[in-house]
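Raw contents of upload-v6.cif, mmCIF, C-alpha atoms and all ligand atoms:
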```
data_start
#
loop_
_atom_site.label_atom_id
_atom_site.label_comp_id
_atom_site.auth_asym_id
_atom_site.auth_seq_id
_atom_site.Cartn_x
_atom_site.Cartn_y
_atom_site.Cartn_z
CA MET V 1 -13.94 4.90 -3.74
CA PRO V 2 -15.00 2.79 -0.78
CA ARG V 3 -18.40 3.57 0.71
CA ALA V 4 -18.33 5.22 4.14
CA ARG V 5 -21.06 2.90 5.43
CA ASP V 6 -19.00 -0.21 4.54
CA LEU V 7 -15.90 1.21 6.18
CA ARG V 8 -17.76 2.17 9.36
CA ALA V 9 -19.12 -1.37 9.60
CA ALA V 10 -15.68 -2.84 8.96
CA ILE V 11 -13.94 -0.89 11.70
CA ALA V 12 -16.74 -1.47 14.21
CA GLU V 13 -15.08 -4.81 15.04
CA PRO V 14 -13.92 -5.10 18.66
CA VAL V 15 -10.30 -3.94 18.69
CA GLY V 16 -8.08 -1.91 20.94
CA ARG V 17 -5.38 -4.52 21.28
CA LYS V 18 -1.79 -3.42 21.26
CA PRO V 19 0.19 -4.54 18.21
CA ASP V 20 1.70 -7.93 19.03
CA PRO V 21 5.20 -8.24 17.52
CA ARG V 22 4.93 -12.02 17.50
CA LEU V 23 1.99 -11.98 15.08
CA PRO V 24 2.04 -11.39 11.30
CA LEU V 25 1.08 -7.88 10.23
CA LEU V 26 -1.80 -8.98 8.07
CA THR V 27 -3.59 -12.18 7.19
CA CYS V 28 -6.38 -12.85 4.75
CA ALA V 29 -8.25 -15.93 3.66
CA GLY V 30 -10.55 -16.38 0.70
CA LEU V 31 -10.48 -12.63 0.18
CA ALA V 32 -12.66 -11.29 -2.64
CA ARG V 33 -13.95 -7.97 -3.96
CA THR V 34 -16.68 -7.71 -6.55
CA PHE V 35 -17.79 -4.35 -7.92
CA GLY V 36 -21.43 -4.03 -8.97
CA THR V 37 -24.00 -6.79 -9.18
CA GLY V 38 -25.69 -9.00 -11.72
CA ALA V 39 -24.62 -9.15 -15.33
CA THR V 40 -22.35 -6.11 -15.00
CA ALA V 41 -20.52 -7.32 -11.86
CA VAL V 42 -16.72 -7.16 -12.03
CA VAL V 43 -14.78 -9.65 -9.92
CA ALA V 44 -11.67 -7.59 -9.15
CA VAL V 45 -10.17 -9.91 -6.51
CA TYR V 46 -10.98 -13.56 -6.08
CA ASP V 47 -10.09 -16.05 -3.34
CA VAL V 48 -6.78 -14.60 -2.13
CA THR V 49 -5.20 -16.19 0.91
CA LEU V 50 -1.92 -14.84 2.24
CA THR V 51 0.03 -13.68 5.25
CA VAL V 52 2.25 -10.61 5.37
CA ALA V 53 5.14 -11.23 7.71
CA ARG V 54 7.03 -8.53 9.53
CA ARG V 55 9.82 -7.11 7.38
CA ALA V 56 8.38 -8.76 4.23
CA ARG V 57 9.69 -7.33 0.94
CA VAL V 58 7.18 -8.16 -1.77
CA ALA V 59 6.78 -7.24 -5.43
CA LEU V 60 3.17 -7.53 -6.60
CA THR V 61 3.02 -7.92 -10.36
CA GLY V 62 0.38 -8.89 -12.90
CA PRO V 63 -1.37 -7.55 -15.99
CA SER V 64 -3.39 -4.35 -15.94
CA GLY V 65 -6.79 -5.06 -14.42
CA SER V 66 -5.64 -8.18 -12.56
CA GLY V 67 -6.64 -6.74 -9.18
CA LYS V 68 -3.39 -5.40 -7.69
CA SER V 69 -4.74 -1.99 -6.63
CA THR V 70 -7.96 -3.48 -5.29
CA LEU V 71 -5.99 -5.95 -3.18
CA LEU V 72 -3.72 -3.19 -1.84
CA HIS V 73 -6.74 -1.00 -1.00
CA MET V 74 -8.25 -3.87 0.99
CA MET V 75 -4.93 -4.42 2.77
CA ALA V 76 -4.95 -0.74 3.72
CA GLY V 77 -8.51 -1.08 5.04
CA LEU V 78 -9.82 1.37 2.45
CA GLU V 79 -11.87 -1.12 0.47
CA THR V 80 -14.24 -3.55 2.17
CA PRO V 81 -14.04 -7.16 0.98
CA THR V 82 -17.23 -8.72 -0.35
CA ALA V 83 -16.11 -12.17 0.85
CA GLY V 84 -13.40 -13.72 2.97
CA GLN V 85 -11.52 -12.72 6.10
CA LEU V 86 -8.97 -9.96 6.52
CA SER V 87 -7.27 -8.96 9.74
CA TRP V 88 -4.23 -7.08 10.98
CA PRO V 89 -3.18 -9.04 14.09
CA GLY V 90 0.34 -7.62 14.29
CA LEU V 91 -0.97 -4.06 13.91
CA GLY V 92 -3.58 -4.23 16.68
CA GLY V 93 -6.66 -3.89 14.47
CA HIS V 94 -8.21 -2.15 11.48
CA PRO V 95 -5.80 0.45 9.99
CA LEU V 96 -8.47 3.17 9.97
CA ARG V 97 -8.57 2.94 13.75
CA TYR V 98 -4.82 3.39 13.96
CA PRO V 99 -3.71 6.06 11.48
CA GLY V 100 -0.07 5.78 10.63
CA ARG V 101 0.42 2.05 11.10
CA VAL V 102 -0.29 1.28 7.44
CA GLY V 103 0.85 3.71 4.76
CA ILE V 104 -0.36 3.54 1.19
CA VAL V 105 1.09 5.30 -1.83
CA PHE V 106 -1.78 5.53 -4.29
CA GLN V 107 -1.36 4.77 -7.97
CA GLY V 108 -3.14 7.96 -9.00
CA PRO V 109 -2.88 11.57 -7.87
CA SER V 110 -3.52 11.87 -4.14
CA LEU V 111 -2.10 15.20 -3.00
CA LEU V 112 -4.48 17.85 -1.70
CA PRO V 113 -4.31 20.63 -4.31
CA ALA V 114 -4.75 23.57 -1.92
CA LEU V 115 -1.86 22.55 0.33
CA THR V 116 1.85 22.96 -0.29
CA VAL V 117 4.09 19.93 -0.58
CA ALA V 118 5.27 20.31 3.02
CA GLU V 119 1.70 20.72 4.26
CA ASN V 120 0.59 17.63 2.33
CA VAL V 121 3.35 15.56 3.91
CA SER V 122 2.81 16.84 7.44
CA LEU V 123 -1.01 16.71 7.43
CA PRO V 124 -1.33 13.00 8.37
CA LEU V 125 1.07 13.58 11.26
CA LEU V 126 -0.99 16.51 12.52
CA LEU V 127 -4.14 14.39 12.24
CA ALA V 128 -2.34 11.74 14.30
CA GLU V 129 -1.75 14.48 16.89
CA ALA V 130 1.94 15.19 16.34
CA THR V 131 2.99 18.69 17.39
CA PRO V 132 3.31 21.16 14.47
CA SER V 133 7.09 21.39 14.93
CA ASP V 134 7.51 17.59 14.98
CA ALA V 135 5.27 17.25 11.91
CA THR V 136 7.22 19.93 10.04
CA ARG V 137 10.56 18.34 10.91
CA ALA V 138 9.41 14.85 9.88
CA ALA V 139 8.02 16.22 6.61
CA ARG V 140 11.28 18.04 5.81
CA ASN V 141 13.32 14.91 6.57
CA ALA V 142 11.14 12.68 4.40
CA LEU V 143 11.27 15.17 1.50
CA GLU V 144 15.07 15.36 1.78
CA LEU V 145 15.27 11.57 1.80
CA LEU V 146 13.48 11.52 -1.56
CA ASP V 147 15.64 14.34 -2.90
CA ILE V 148 12.77 16.81 -3.24
CA GLY V 149 13.39 19.03 -0.24
CA ASP V 150 13.52 22.08 -2.50
CA LEU V 151 9.88 21.53 -3.48
CA HIS V 152 8.52 21.99 0.04
CA ALA V 153 6.74 25.27 -0.74
CA SER V 154 5.37 24.19 -4.13
CA LEU V 155 1.75 23.43 -4.82
CA PRO V 156 0.82 20.03 -6.32
CA GLU V 157 -0.18 21.68 -9.63
CA GLU V 158 3.41 22.90 -9.99
CA LEU V 159 4.86 19.37 -9.79
CA SER V 160 5.61 16.84 -12.49
CA GLY V 161 3.88 13.46 -12.18
CA GLY V 162 7.09 11.87 -10.90
CA GLN V 163 7.68 14.63 -8.35
CA ALA V 164 4.10 14.27 -7.09
CA GLN V 165 4.64 10.52 -6.78
CA ARG V 166 7.73 11.12 -4.62
CA VAL V 167 5.83 13.59 -2.44
CA ALA V 168 3.16 10.92 -1.90
CA LEU V 169 5.93 8.52 -0.87
CA ALA V 170 7.43 11.08 1.49
CA ARG V 171 3.99 11.53 3.07
CA VAL V 172 3.88 7.80 3.82
CA LEU V 173 7.47 7.56 5.11
CA ALA V 174 7.07 10.59 7.39
CA ALA V 175 4.37 8.74 9.34
CA ARG V 176 6.79 5.83 10.05
CA PRO V 177 4.30 3.02 9.28
CA ALA V 178 4.84 -0.67 10.06
CA LEU V 179 3.42 -1.72 6.68
CA ILE V 180 3.98 0.23 3.46
CA LEU V 181 1.83 -0.47 0.42
CA ALA V 182 3.18 1.26 -2.67
CA ASP V 183 0.99 1.05 -5.77
CA GLU V 184 3.25 1.51 -8.81
CA PRO V 185 5.40 4.11 -7.05
CA THR V 186 7.85 4.23 -9.95
CA GLY V 187 5.23 4.26 -12.72
CA GLN V 188 5.95 7.85 -13.71
CA LEU V 189 9.67 7.90 -13.05
CA ASP V 190 12.60 7.36 -15.39
CA HIS V 191 14.59 4.21 -14.67
CA ALA V 192 17.38 5.88 -12.71
CA THR V 193 14.99 7.83 -10.48
CA GLY V 194 12.77 4.77 -10.13
CA PHE V 195 15.63 2.66 -8.81
CA ALA V 196 16.72 5.46 -6.49
CA VAL V 197 13.17 5.60 -5.11
CA ILE V 198 13.05 1.83 -4.58
CA ASP V 199 16.41 1.99 -2.82
CA VAL V 200 15.11 4.78 -0.56
CA LEU V 201 11.98 2.76 0.14
CA LEU V 202 13.97 -0.34 1.02
CA ALA V 203 16.36 1.61 3.23
CA ALA V 204 13.44 3.36 4.95
CA CYS V 205 11.74 0.01 5.57
CA ASP V 206 14.96 -1.36 7.08
CA GLU V 207 15.19 1.64 9.36
CA LEU V 208 11.50 1.47 10.33
CA ASP V 209 11.54 -2.32 10.60
CA ALA V 210 8.55 -2.14 8.27
CA ALA V 211 7.11 -4.53 5.70
CA LEU V 212 6.85 -3.40 2.10
CA ILE V 213 4.59 -4.44 -0.76
CA VAL V 214 5.23 -2.73 -4.09
CA SER V 215 2.97 -3.24 -7.08
CA THR V 216 4.81 -2.74 -10.34
CA HIS V 217 4.79 -3.51 -14.04
CA ASP V 218 8.57 -3.20 -14.17
CA PRO V 219 10.34 -6.58 -13.83
CA VAL V 220 13.62 -4.86 -12.95
CA VAL V 221 11.94 -3.03 -10.06
CA ALA V 222 10.27 -6.29 -8.99
CA ALA V 223 13.65 -8.02 -8.94
CA HIS V 224 14.77 -5.58 -6.21
CA LEU V 225 12.27 -7.19 -3.81
CA SER V 226 12.99 -10.56 -2.25
CA GLN V 227 9.50 -12.03 -2.80
CA GLN V 228 7.39 -12.06 -5.93
CA TRP V 229 3.60 -12.29 -5.95
CA THR V 230 1.81 -12.45 -9.27
CA MET V 231 -1.88 -11.70 -9.85
CA ARG V 232 -3.87 -13.13 -12.72
CA ASP V 233 -7.59 -12.54 -13.20
CA GLY V 234 -8.05 -11.35 -9.63
CA THR V 235 -6.23 -14.13 -7.87
CA LEU V 236 -2.71 -14.49 -6.56
CA ARG V 237 -0.53 -17.13 -8.09
CA PRO V 238 2.77 -18.37 -6.80
CA GLU V 239 5.15 -18.72 -9.72
CA HIS V 240 8.62 -20.03 -10.37
CA GLY V 241 9.31 -21.14 -6.84
CA ASN V 242 8.19 -17.90 -5.25
CA LEU V 243 6.95 -19.65 -2.16
CA ARG V 244 9.30 -18.65 0.60
CA PRO V 245 7.94 -20.09 3.80
CA GLU V 246 11.22 -19.32 5.51
CA HIS V 247 10.21 -15.64 5.23
CA GLY V 248 6.91 -16.45 6.88
CA THR V 249 4.79 -15.48 3.91
CA ASP V 250 2.18 -17.97 2.85
CA LEU V 251 1.31 -17.52 -0.78
CA SER V 252 -1.27 -20.25 -1.07
CA ALA V 253 -3.72 -18.46 -3.28
CA GLY V 254 -6.86 -20.49 -3.58
CA ALA V 255 -7.93 -22.39 -6.61
CA GLY V 256 -7.98 -19.52 -9.10
CA ARG V 257 -10.14 -19.60 -12.18
N1 LIG R 301 -14.40 1.13 -8.15
C1 LIG R 301 -14.51 0.22 -9.12
N2 LIG R 301 -15.70 0.00 -9.72
C2 LIG R 301 -15.83 -0.93 -10.70
N3 LIG R 301 -14.81 -1.70 -11.15
C3 LIG R 301 -13.61 -1.52 -10.58
C4 LIG R 301 -13.38 -0.55 -9.55
N4 LIG R 301 -12.07 -0.61 -9.18
C5 LIG R 301 -11.51 -1.56 -9.96
N5 LIG R 301 -12.42 -2.10 -10.80
C6 LIG R 301 -12.18 -3.18 -11.76
O1 LIG R 301 -11.54 -4.23 -11.06
C7 LIG R 301 -10.54 -4.83 -11.88
C8 LIG R 301 -9.21 -4.76 -11.15
O2 LIG R 301 -8.80 -3.40 -11.11
P1 LIG R 301 -7.45 -2.95 -10.37
O3 LIG R 301 -7.40 -1.48 -10.44
O4 LIG R 301 -7.40 -3.58 -9.03
O5 LIG R 301 -6.35 -3.62 -11.31
P2 LIG R 301 -4.77 -3.40 -11.37
O6 LIG R 301 -4.13 -4.76 -11.39
O7 LIG R 301 -4.36 -2.49 -10.26
O8 LIG R 301 -4.55 -2.70 -12.77
P3 LIG R 301 -3.40 -1.66 -13.24
O9 LIG R 301 -2.13 -2.47 -13.42
O10 LIG R 301 -3.91 -1.13 -14.54
O11 LIG R 301 -3.27 -0.60 -12.20
C9 LIG R 301 -10.57 -4.10 -13.20
O12 LIG R 301 -11.39 -4.85 -14.09
C10 LIG R 301 -11.23 -2.77 -12.87
O13 LIG R 301 -11.92 -2.25 -13.97
MG MG R 302 -3.49 -0.64 -10.22
#
```

For the structure just supplied, provide its representation as structure tokens.
Amino acid sequence: MPRARDLRAAIAEPVGRKPDPRLPLLTCAGLARTFGTGATAVVAVYDVTLTVARRARVALTGPSGSGKSTLLHMMAGLETPTAGQLSWPGLGGHPLRYPGRVGIVFQGPSLLPALTVAENVSLPLLLAEATPSDATRAARNALELLDIGDLHASLPEELSGGQAQRVALARVLAARPALILADEPTGQLDHATGFAVIDVLLAACDELDAALIVSTHDPVVAAHLSQQWTMRDGTLRPEHGNLRPEHGTDLSAGAGR
């Protein structure tokens, strides 16, 4: 988990700007994250340079341990880079200052065990100062969208892994973010449900005018997204003509190793 001290320092940057729709949502240059120091240091992400355009639809693939989750956590502002620049010009500033503008679906379990499904989904809205009735309505709608409305009163321990994954997705969609980062959101779903979830995600992003980055090990899921980013050994590599400058996404990825 990111250290609170690092995060406080990261969001202490002067911000307060309104999101500027002419600017890309996120840019980073030479981005790196090393865990630990000395002989045991692990270079999780290395020299990543990219821009996330508005309405981008990106599949992030790569072998296990190649740095996908670490990169997504940095994009969400939850992990502090150890080198490089990262900013969110089209979102007005660091995501932790503006809850709701970036939504992340974590790869692992992330629901609060003492809260019901509906309470888990509505909590971020309440923290962002929505009224209880608005939060409840948005949570119900998002759960219905993912076909799990009947689970609203269940506790996380009563859910299957795939159901919990869909609740986590509903929690993100209910907040209507401008950038959605989904870390293997179909990893615990059967193929049919996985495709249904990706279709819901894509439709929700269209409706929200949001950008979407989905990390996945499933090439069929990846093919549903219009852009493909591949990580190898912590760095991002354009492959097979993936560069799509017409979509405004720069995939130049540094020298690699
Ligand atoms: N908090 C941490 N402390 C130490 N090492 C870490 C930490 N988080 C990630 N790593 C290491 O960084 C590397 C990249 O991990 P990451 O989880 O980003 O990979 P990934 O591409 O998401 O893998 P997977 O496909 O299995 O989810 C791995 O070697 C991992 O062991
Ligand atoms: Mg991962």

Item to check | Counting all atoms listed in the file, the option among V:Leu71, V:Leu145, V:Ala135, V:Val52 closest to ligand MG 302 (chain R) | outcome: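 For ligand MG 302 (chain R), the nearest of the candidates is V:Leu71.
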
Next on the checklist: If the limit is 9 Å from any atom of ligand MG 302 (chain R), counting only C-alpha atoms and all ligand atoms, which residues qualify? Return them as number ranges by chain.
Outcome noted: V: 64-70, 72, 106-108, 183-184, 215-216

Checklist entry - Using only C-alpha atoms and all ligand atoms, which protein or nucleic acid residues are at most 12 Å from ligand LIG 301 (chain R), as a ChimeraX atom specification? => result /V:1-3,32-37,40-46,60-74,78-80,106-108,182-185,187,214-218,230-236

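From CA of Gln188 (chain V) back to CA of Val220 (chain V), the distance works out to 14.9 Å.
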
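Taking all atoms listed in the file, the non-local environment of Ala196 (chain V) within 12 Å (same-chain residues fewer than 5 positions away omitted) comprises V:Leu145, V:Leu146, V:Asp147, V:Arg166, V:Pro185, V:Thr186, V:Leu189, V:Asp190, V:His191, V:Leu201, V:Leu202, V:Ala203, V:Val221, V:His224.
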
Item to check | Contacts of Glu144 (chain V) at 12 Å (only C-alpha atoms; same-chain gap of 4+ positions) as a list in words | outcome: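 Here the qualifying residues turn out to be Ala118, Val121, Arg137, Ala138, Ala139, Arg140, Ile148, Gly149, Asp150, Leu151, His152, Arg166, Val167, Leu169, Ala170, Arg171, Leu173, Ala174 and Val200 of chain V.
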
Kindly provide the residues of region 24-116 of chain V that approach region 154-161 of chain V to within 10 Å, each paired with its closest atom pair and their distance in Å to one decimal, based on only C-alpha atoms, listed by chain and increasing number, as a tab-separated table.
```
residue	atom	partner	partner_atom	distance
V:Gly108	CA	V:Gly161	CA	9.5
V:Pro109	CA	V:Gly161	CA	8.2
V:Ser110	CA	V:Pro156	CA	9.5
V:Leu111	CA	V:Pro156	CA	6.5
V:Leu112	CA	V:Pro156	CA	7.4
V:Pro113	CA	V:Pro156	CA	5.5
V:Ala114	CA	V:Leu155	CA	7.1
V:Leu115	CA	V:Leu155	CA	6.4
V:Thr116	CA	V:Leu155	CA	4.6
```

To test the calculation: enclose all listed atoms of region 162-167 of chain V in a box whose edges run along x, y and z, add 4 Å on each side, then state centre and edge lengths in Å to one decimal, as lines of an AutoDock Vina configuration file.
```
center_x = 5.9
center_y = 12.6
center_z = -6.7
size_x = 11.6
size_y = 12.1
size_z = 16.5
```

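Closest approach to Leu143 (chain V) among V:Gln228, V:Thr131, V:Thr49, V:Gln163 is made by V:Gln163 (distances from all atoms listed in the file).
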
Checklist entry - Can you list, as a PyMOL selection string, every protein, DNA or RNA residue that comes within 7 Å of Gly77 (chain V) when you count only C-alpha atoms, leaving out same-chain residues fewer than 5 positions away? => result chain V and resi 94-96
